[in-house]
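Structure below is final-v5.txt: compact mmCIF, C-alpha atoms.
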# COMPACT_ATOMS: atom_id res chain seq x y z
CA MET A 8 8.15 66.99 42.82
CA PRO A 9 4.47 66.68 41.79
CA ASP A 10 3.15 63.37 40.51
CA HIS A 11 1.81 64.12 37.02
CA ARG A 12 0.55 60.60 36.39
CA HIS A 13 -2.69 61.29 38.27
CA LEU A 14 -5.35 63.94 38.29
CA PRO A 15 -4.54 66.95 40.44
CA HIS A 16 -6.67 67.58 43.49
CA LEU A 17 -8.51 70.77 42.63
CA ARG A 18 -9.82 72.50 45.74
CA SER A 19 -10.87 75.58 43.76
CA TYR A 20 -13.79 73.82 42.09
CA SER A 21 -17.05 74.99 43.56
CA ARG A 22 -18.50 71.63 42.60
CA GLN A 23 -16.09 68.73 42.84
CA PRO A 24 -15.85 66.38 39.85
CA VAL A 25 -16.84 62.73 39.85
CA ILE A 26 -13.77 60.56 39.35
CA PHE A 27 -13.75 57.10 37.79
CA LEU A 28 -11.09 54.82 39.28
CA THR A 29 -9.73 51.42 38.32
CA VAL A 30 -7.57 49.64 40.89
CA VAL A 31 -5.90 46.31 40.10
CA THR A 32 -4.82 43.53 42.45
CA ASN A 33 -1.11 42.76 42.72
CA GLU A 34 -0.04 40.34 39.98
CA ARG A 35 -3.71 40.28 38.99
CA ARG A 36 -4.43 37.68 41.65
CA PRO A 37 -8.17 36.88 41.52
CA TRP A 38 -9.13 37.35 45.19
CA LEU A 39 -11.35 40.41 44.98
CA ALA A 40 -14.80 39.27 43.82
CA GLY A 41 -16.28 37.74 46.95
CA ARG A 42 -18.26 38.41 50.11
CA VAL A 43 -15.22 39.03 52.35
CA ALA A 44 -13.70 41.70 50.08
CA LEU A 45 -17.11 43.26 49.38
CA ASP A 46 -17.92 43.60 53.07
CA ALA A 47 -14.48 44.88 54.09
CA LEU A 48 -14.19 47.48 51.33
CA THR A 49 -17.78 48.63 51.80
CA LYS A 50 -17.10 49.29 55.50
CA ILE A 51 -13.96 51.27 54.67
CA TRP A 52 -15.68 53.34 51.98
CA GLN A 53 -18.69 54.01 54.23
CA ARG A 54 -16.31 55.77 56.65
CA SER A 55 -14.51 57.71 53.90
CA PRO A 56 -16.73 60.83 53.91
CA GLY A 57 -16.10 61.50 57.60
CA CYS A 58 -12.46 60.40 57.69
CA ASP A 59 -11.15 61.44 54.28
CA GLY A 60 -13.81 63.61 52.63
CA TRP A 61 -14.49 61.13 49.81
CA PHE A 62 -17.89 59.77 48.77
CA VAL A 63 -18.05 56.46 46.89
CA GLY A 64 -20.96 56.03 44.50
CA ASP A 65 -21.22 52.90 42.39
CA PHE A 66 -18.50 50.29 42.68
CA PHE A 67 -17.87 46.97 40.95
CA LEU A 68 -15.51 44.24 42.18
CA MET A 69 -14.10 41.96 39.52
CA PRO A 70 -11.83 39.01 40.42
CA ASP A 71 -8.59 40.95 39.82
CA HIS A 72 -9.61 44.63 39.71
CA LEU A 73 -12.27 47.05 40.83
CA HIS A 74 -13.97 50.08 39.37
CA LEU A 75 -15.47 52.81 41.47
CA PHE A 76 -16.94 56.25 41.08
CA ALA A 77 -16.01 58.75 43.77
CA GLN A 78 -16.48 62.42 44.52
CA PRO A 79 -14.45 64.51 46.96
CA SER A 80 -15.80 67.11 49.32
CA ALA A 81 -14.14 70.53 49.30
CA GLU A 82 -12.04 69.47 52.35
CA ALA A 83 -11.06 66.02 51.02
CA LYS A 84 -7.64 64.43 51.17
CA THR A 85 -5.88 64.33 47.83
CA LEU A 86 -6.92 61.48 45.57
CA ALA A 87 -3.55 59.77 45.98
CA ARG A 88 -3.70 59.94 49.79
CA TRP A 89 -7.28 58.67 49.89
CA VAL A 90 -6.59 55.73 47.57
CA GLY A 91 -3.44 54.92 49.54
CA THR A 92 -5.39 55.01 52.79
CA TRP A 93 -8.18 52.63 51.79
CA LYS A 94 -5.79 50.28 49.99
CA SER A 95 -3.62 50.11 53.13
CA ILE A 96 -6.55 49.51 55.49
CA GLY A 97 -8.01 46.99 53.04
CA SER A 98 -4.72 45.10 52.84
CA ARG A 99 -4.31 44.93 56.62
CA THR A 100 -7.91 43.77 56.97
CA LEU A 101 -8.09 41.30 54.09
CA ALA A 102 -4.65 39.68 53.90
CA PRO A 103 -4.99 37.63 57.12
CA ILE A 104 -8.62 36.68 56.43
CA LEU A 105 -7.92 35.57 52.86
CA GLY A 106 -4.53 34.04 53.67
CA LEU A 107 -2.72 36.31 51.20
CA ASN A 108 0.73 37.84 51.41
CA PRO A 109 0.95 41.60 50.83
CA PRO A 110 1.00 43.57 48.71
CA LEU A 111 -2.59 42.94 47.69
CA TRP A 112 -2.78 45.86 45.25
CA GLN A 113 -0.72 47.14 42.37
CA ARG A 114 0.92 50.34 43.49
CA ASP A 115 -0.64 52.53 40.81
CA TYR A 116 -4.25 53.07 39.74
CA PHE A 117 -6.08 54.65 36.83
CA ASP A 118 -8.22 57.77 37.24
CA ARG A 119 -10.39 59.89 34.99
CA PHE A 120 -12.57 62.96 35.50
CA LEU A 121 -16.15 62.49 34.36
CA ARG A 122 -17.21 65.80 32.89
CA SER A 123 -20.85 65.13 32.05
CA ALA A 124 -23.80 62.96 32.98
CA ASP A 125 -23.42 61.21 29.61
CA ASN A 126 -19.77 60.42 30.33
CA TYR A 127 -20.73 59.07 33.77
CA ARG A 128 -23.51 56.90 32.31
CA GLU A 129 -21.20 55.60 29.57
CA LYS A 130 -18.52 54.52 32.08
CA ARG A 131 -21.08 53.00 34.45
CA ASP A 132 -22.68 51.03 31.59
CA TYR A 133 -19.24 49.80 30.51
CA VAL A 134 -18.25 48.49 33.95
CA THR A 135 -21.71 47.05 34.59
CA LEU A 136 -21.19 44.78 31.57
CA ASN A 137 -17.66 43.73 32.59
CA PRO A 138 -18.66 40.42 34.25
CA VAL A 139 -20.91 39.53 31.30
CA ARG A 140 -18.12 40.24 28.76
CA GLN A 141 -15.76 38.06 30.81
CA GLY A 142 -18.27 35.21 30.92
CA LEU A 143 -18.69 35.38 34.71
CA CYS A 144 -22.49 35.80 34.66
CA PRO A 145 -25.28 35.90 32.07
CA THR A 146 -26.59 39.38 32.88
CA PRO A 147 -25.34 42.40 34.87
CA LEU A 148 -28.11 41.84 37.43
CA ASP A 149 -26.60 38.42 38.25
CA TRP A 150 -23.26 39.91 39.38
CA PRO A 151 -23.36 40.16 43.20
CA TRP A 152 -20.04 41.97 43.84
CA LYS A 153 -21.17 45.55 43.36
CA GLY A 154 -22.90 48.31 45.24
CA ARG A 155 -23.71 51.98 45.64
CA LEU A 156 -22.96 53.94 48.77
CA HIS A 157 -23.83 57.49 47.72
CA GLU A 158 -25.66 59.16 44.87
CA LEU A 159 -23.04 61.22 43.00
CA HIS A 160 -23.87 64.19 40.80
CA VAL A 161 -21.88 65.32 37.79
Show me the file's structure as structure tokens.
Amino acid sequence: MPDHRHLPHLRSYSRQPVIFLTVVTNERRPWLAGRVALDALTKIWQRSPGCDGWFVGDFFLMPDHLHLFAQPSAEAKTLARWVGTWKSIGSRTLAPILGLNPPLWQRDYFDRFLRSADNYREKRDYVTLNPVRQGLCPTPLDWPWKGRLHELHV
């Protein structure tokens, strides 16, 4: 039975869409915004193009959730399989280092196709201001738990 809660993986697109993802920590535990999580997830996502066919663009780690922009290659794993893979590897890597008991992530995630450069810019601007809105830093430039691995094109 197909899972209709998430975007379908569309291999017929000649140009794959950029997808905006939000992934939340289990019970909203605030372990995510830090050097250990940043380094571990960055390493996993750097390997994603070769292993899973997914390219991560901008990403933002908040204490209890993350936002990322990703784009599949034509041969990519389905979105659900890819997210499951990096969450699993991340949990096995991070739980012992951070002294946390699994699960580290909520089972589900939120996804959205970005259909235009304006839509992409709007979402990126929104998540860039997240730490400022939450009172975690005075300006977006002061937030250290973010990065860009690949330039994505809508």
Give me, as JSON lines, each residue of range 14-118 of chain A that comes within 10 Å of range 135-140 of chain A, together with its shortest interatomic pair and the distance in Å at one decimal, counting all atoms listed in the file, with rows ordered by chain and rising residue number.
{"residue": "A:Asp65", "atom": "CA", "partner": "A:Thr135", "partner_atom": "CA", "distance": 9.8}
{"residue": "A:Phe66", "atom": "CA", "partner": "A:Thr135", "partner_atom": "CA", "distance": 9.3}
{"residue": "A:Phe67", "atom": "CA", "partner": "A:Thr135", "partner_atom": "CA", "distance": 7.4}
{"residue": "A:Leu68", "atom": "CA", "partner": "A:Pro138", "partner_atom": "CA", "distance": 9.3}
{"residue": "A:Met69", "atom": "CA", "partner": "A:Pro138", "partner_atom": "CA", "distance": 7.1}
{"residue": "A:Pro70", "atom": "CA", "partner": "A:Pro138", "partner_atom": "CA", "distance": 9.3}
{"residue": "A:His74", "atom": "CA", "partner": "A:Thr135", "partner_atom": "CA", "distance": 9.6}
### Task
Please indicate the distance in Å from CA of Gln53 in chain A to CA of Arg155 in chain A, rounded to one decimal place.
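For CA of Gln53 in chain A relative to CA of Arg155 in chain A, the distance reads 10.2 Å.
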### Task
Rank A:Leu45, A:Leu73, A:Ala124, A:Ala87 by their smallest atom-to-atom distance to Val30 in chain A, using all atoms listed in the file, and report the top residue only.
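Closest residue, counting all atoms listed in the file: A:Leu73.
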## Note on the structure
Using only C-alpha atoms, the shortest atom-to-atom distance to Thr85 in chain A among A:Ala102, A:Glu129, A:Trp61, A:Leu107 belongs to A:Trp61
### Message
Counting all atoms listed in the file, which residue out of A:Ala47, A:Leu28, A:Leu39, A:Leu159 sits closest to Trp89 in chain A?
### Response
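Among the listed residues, A:Leu28 lies closest to Trp89 in chain A.
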### Message
Could you list, as a ChimeraX atom specification, every residue within 6 Å of range 112-115 of chain A, counting all atoms listed in the file and ignoring same-chain residues fewer than 2 positions away?
### Response
/A:31-33,110
